[in-house]
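Encoded as structure tokens, the structure appears first; notes follow it.
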Amino acid sequence: MPTVDLASSPIRDLNRVLHNLPENTNETSWTVLNPAGQHSIAVGVDAPIDIEIDGHVGYYCAGMNKFAEITINGNAGVGLAENMMSGLVRVKGDASQAAGATGQGGLLVIEGNAAARCGISMKGIDIVVKGSIGPMSAFMAQAGSLIVLGDAGEALGDSIYEARLFVRGKVKSLGADCEEKVIGDEERTILSDVLRRAGVDVPTDGFRLYGSARRLYHFHIDNAY
Amino acid sequence: MCGIVGLFLKDHALEPRLGGMLGNMLEVMTDRGPDSTGFAIYSGDTNLNFKFTVRGKNLEGLQDALSKELGVSVGAIARDTHMVLSFPQTMADQARSWLAAERPDVAVIGGGHRIELYKEVGLPAEVVRRFDLPHMAGTHGIGHTRMATESAVTTAGAHPFSAGADQCLVHNGSLSNHRSVRRNLEREGLTFTTDNDSEVAAGFVTWRMREGDSLVKALESSLENLDGFYTFVVGTENGFAVLRDPISCKPAVMAETDQYVAFGTEYRALVGLPGIEKARIFEPEPARVYAWERH
């Protein structure tokens with residue numbers, strides 16, 4: 001059970017050690033102390049290990065994560081779990097802007113609120129937010145599910161390609177080409193599956209689904225300036 | 001880039017430590033703004049005098065010459081390239097005219113009952129040390145580390161900018177319509193000393209308040225009139241306010257406890273504050289004015 005104290009050890013050393021772990025490592029449970037809002041903590045991890053970070057983290061924490069389960073006992077700065085490939089990232093507090101940006105896979109759970117542009121350009125990641133999300137979330141989202149137990153800010157799903165946006169609370173406004181959809185059996189199964197993986201026990205019937213109206217897929221002369 | 005820090009004390013017991021806390025916050029923001037550093041401190045004393053913070057290469061003899069001109073004993077505290085001159089408020093216009101006419105080499109960078117303003121080119125740690133910020137006391141203060149984009153790296157282009165008595169503004173971002181706003185403000189009688197976009201923002205807020213707007217209303221009005229991206233932190237004699245542009249282009253985080261309200265471009269800047277572990281930490285929402293006033 002290695003413990004790394006960032007008050008006395010540089011981030012680069014931590015990340016180097018994590019990057020060098022073999023796939024079958026026996027050191028599967030890591031604790032990181034005193035993050036103090038520093039950036040790039042536990043980025044690029046590529047091993048099936050657990051990492052618990054005790055405190056608030058800065059930018060890009062858990063970015064590019066593959067296989068690891070990373071828990072943050074605090075808040076996270078900009079770009080939490082950006083470009084995640086697989087694994088699980090859970091933040092116990094709030095997440096700043098662009099949480100889960102461009103994520104390709106895995107699950108991001110935000111127990112507090114997420115700020116603007118949550119899930120921007122998401123490409124297959126699943127994101128569960130227990131609180132509310134800020135404006136311009138799921139901008140240009142391409143695949144995956146964004147599930148929000150609270151409210152969504154302005155311009156939700158602007159220029160969305162394909163992704164499922166489940167919101168239980170109010171949506172301030174929808175962005176261009178984003179529209180409400182009927183929740184079918186397939187979507188309900190996906191919703192309950194992601195909620196189950198996130199350990200969030202709420203009924204699925206309180207949600208509304210938003211997705212792409214697919215009117216921006218092809219060039220249309222009326223959209224040109 | 002650029003880094004902003006702000007600290008507004010609710011607990012009077014912390015006032016002697018204001019400069020020390022603000023200085024530490026500025027140093028953490030070094031890698032966001034290594035070009036220049038500046039800060040405004042609102043002193044806690046209830047001095048009835050009016051203060052000018054002036055900057056110049058040769059400030060020797062300035063106190064005596066101004067005392068002679070005003071016919072009173074002008075107070076002066078020298079700190080490196082800056083000097084704080086104090087005199088009765090009724091003499092503020094006379095002092096300003098005299099300085100403009102007789103000492104064009106001296107720049108008046110701020111004035112008011114409580115504000116003192118310092119800025120220089122250089123790394124935060126060095127600027128903080130040169131002005132001895134850790135030993136300054138006060139009720140609130142704001143600071144800025146600059147990575148220049150819209151105008152040259154000069155002391156004059158460093159933040160904060162002050163366009164009215166006891167008012168100042170720091171800015172992280174860049175305004176796209178500052179030229180046209182500047183022309184409108186010049187027609188309203190405001191003057192500008194640099195090509196800097198942030199000086200225009202300071203002027204705009206001052207103009208709105210001069211026209212009767214509250215601090216909150218003045219900032220709401222800037223949402224309609226200033227185009228570009230920005231996070232502003234504004235100080236007034238008794239107040240402290242924060243505004244982010246409608247798409248929250250620039251990062252910002254705040255912490256509030258029973259003792260203080262603190263602003264940082266990044267959370268890192270707030271880590272050293274007392275009781276931060278239990279503070280309410282939040283990200284200010286875009287296009288919403290947050291303001292605090294001392295009573």
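By convention in this document, the chains of the structure tokens carry letters A, B, ... by their order, each chain's residues are numbered from 1, and ligands are numbered from 1 in the order they are shown.
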**Report entry** Residues of chain A within 12 Å of chain B, counting only C-alpha atoms, as a PyMOL selection string
**Finding:** chain A and resi 7+34-39+54-59+73-79+93-98+112-117+133-137+153-155
Query - DSSP helix (DSSP H, G or I) residues within region 3-33 of chain A, listed as a count of residues only - result: 9
Query - For CA of Leu174 (chain A) and CA of Arg288 (chain B), the interatomic separation in Å (one decimal) - result: 20.0 Å
Report task. Name the residues in contact with Ala202 (chain B) at a cut-off of 8 Å, using only C-alpha atoms, excluding same-chain residues fewer than 5 positions from it; report them as JSON, numbers by chain. Result -> {"B": [161, 162, 163, 168, 169]}
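Shell of Leu195 (chain A) at 9 Å, with only C-alpha atoms counted and residues fewer than 4 places along the chain excluded, is Val128, Ile147, Ile190, Leu191, Gly199, Val200, Asp201, Val202 and Thr204 of chain A.
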**Report entry** Selected residue of minimal separation from Ser176 (chain B) among B:Glu224, B:Asp93, B:Asp197, B:Glu256, counting only C-alpha atoms
**Finding:** B:Asp197
Find the residues near region 27-33 of chain B: any atom within 7 Å, counting only C-alpha atoms, skip ones fewer than 4 places away on the same chain, and give them as a compact mmCIF listing (two decimals) with C-alpha atoms, in the first residue's frame.
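This went into result-v4.txt:
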```txt
# COMPACT_ATOMS: atom_id res chain seq x y z
CA MET B 1 -2.75 33.32 -18.71
CA CYS B 2 -2.29 35.87 -15.90
CA GLY B 3 -3.01 35.12 -12.30
CA GLY B 23 2.07 38.01 -0.97
CA LEU B 123 8.64 38.05 -10.80
CA PRO B 124 6.08 38.14 -7.99
CA ALA B 125 8.53 37.13 -5.25
CA THR B 145 0.63 38.48 -12.00
CA ARG B 146 0.74 39.38 -15.66
CA MET B 147 1.53 37.46 -18.81
CA ARG B 268 -3.29 26.45 -5.50
CA ALA B 269 -3.18 30.14 -4.60
```
Query - Shell around Gln104 (chain A) at 12 Å using only C-alpha atoms, local window under 5 positions removed, as a list in words - result: Gly63, Met64, Asn65, Lys66, Ala81, Glu82, Asn83, Met84, Met85, Ser86, Gly87, Gly119, Ile120, Ser121, Met122, Lys123, Gly124, Ile125, Asp126, Ile127, Ala141, Gln142, Ala143, Gly144, Ser145 and Ala163 of chain A
So that I can see what lies close to Arg188 (chain A), please list as a PDB file with C-alpha atoms, in the first residue's frame the residues with an atom at most 10 Å from it, counting only C-alpha atoms and leaving out residues fewer than 5 positions away in the same chain.
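Saved file out-v2.pdb follows:
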```
ATOM      1  CA  PHE A 166     -30.056  12.284 -19.273  1.00  0.00           C
ATOM      2  CA  ILE A 183     -36.620   7.228 -23.713  1.00  0.00           C
ATOM      3  CA  ASP A 193     -26.604   0.231 -16.197  1.00  0.00           C
ATOM      4  CA  VAL A 194     -24.463   3.364 -15.930  1.00  0.00           C
ATOM      5  CA  THR A 204     -34.712   5.908 -13.821  1.00  0.00           C
ATOM      6  CA  ASP A 205     -38.157   7.343 -14.463  1.00  0.00           C
ATOM      7  CA  PHE A 207     -35.005  11.587 -16.185  1.00  0.00           C
ATOM      8  CA  LEU A 209     -33.325  12.413 -22.506  1.00  0.00           C
TER       9      LEU A 209
END
```
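Comparing the minimum interatomic distances between Ser97 (chain B) and each of B:Val205, B:Leu66, B:Val233, B:Glu60, counting only C-alpha atoms, we find that B:Leu66 sits nearest.
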Query raised in the report: Just asking: which residues within region 62-123 of chain A are strand (DSSP E) according to DSSP, as JSON, numbers by chain?
Result: {"A": [69, 70, 71, 72, 88, 89, 90, 91, 107, 108, 109, 110, 123]}
Query raised in the report: Which distance in Å separates CA of Val167 (chain A) and CA of Arg244 (chain B), to one decimal?
Result: 25.8 Å
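CA of Leu117 (chain B) sits 22.9 Å away from CA of Leu185 (chain B).
Closest to Asn26 (chain A) among A:Ala213, A:Val43, A:Met1, A:Val129 is A:Met1, based on only C-alpha atoms.
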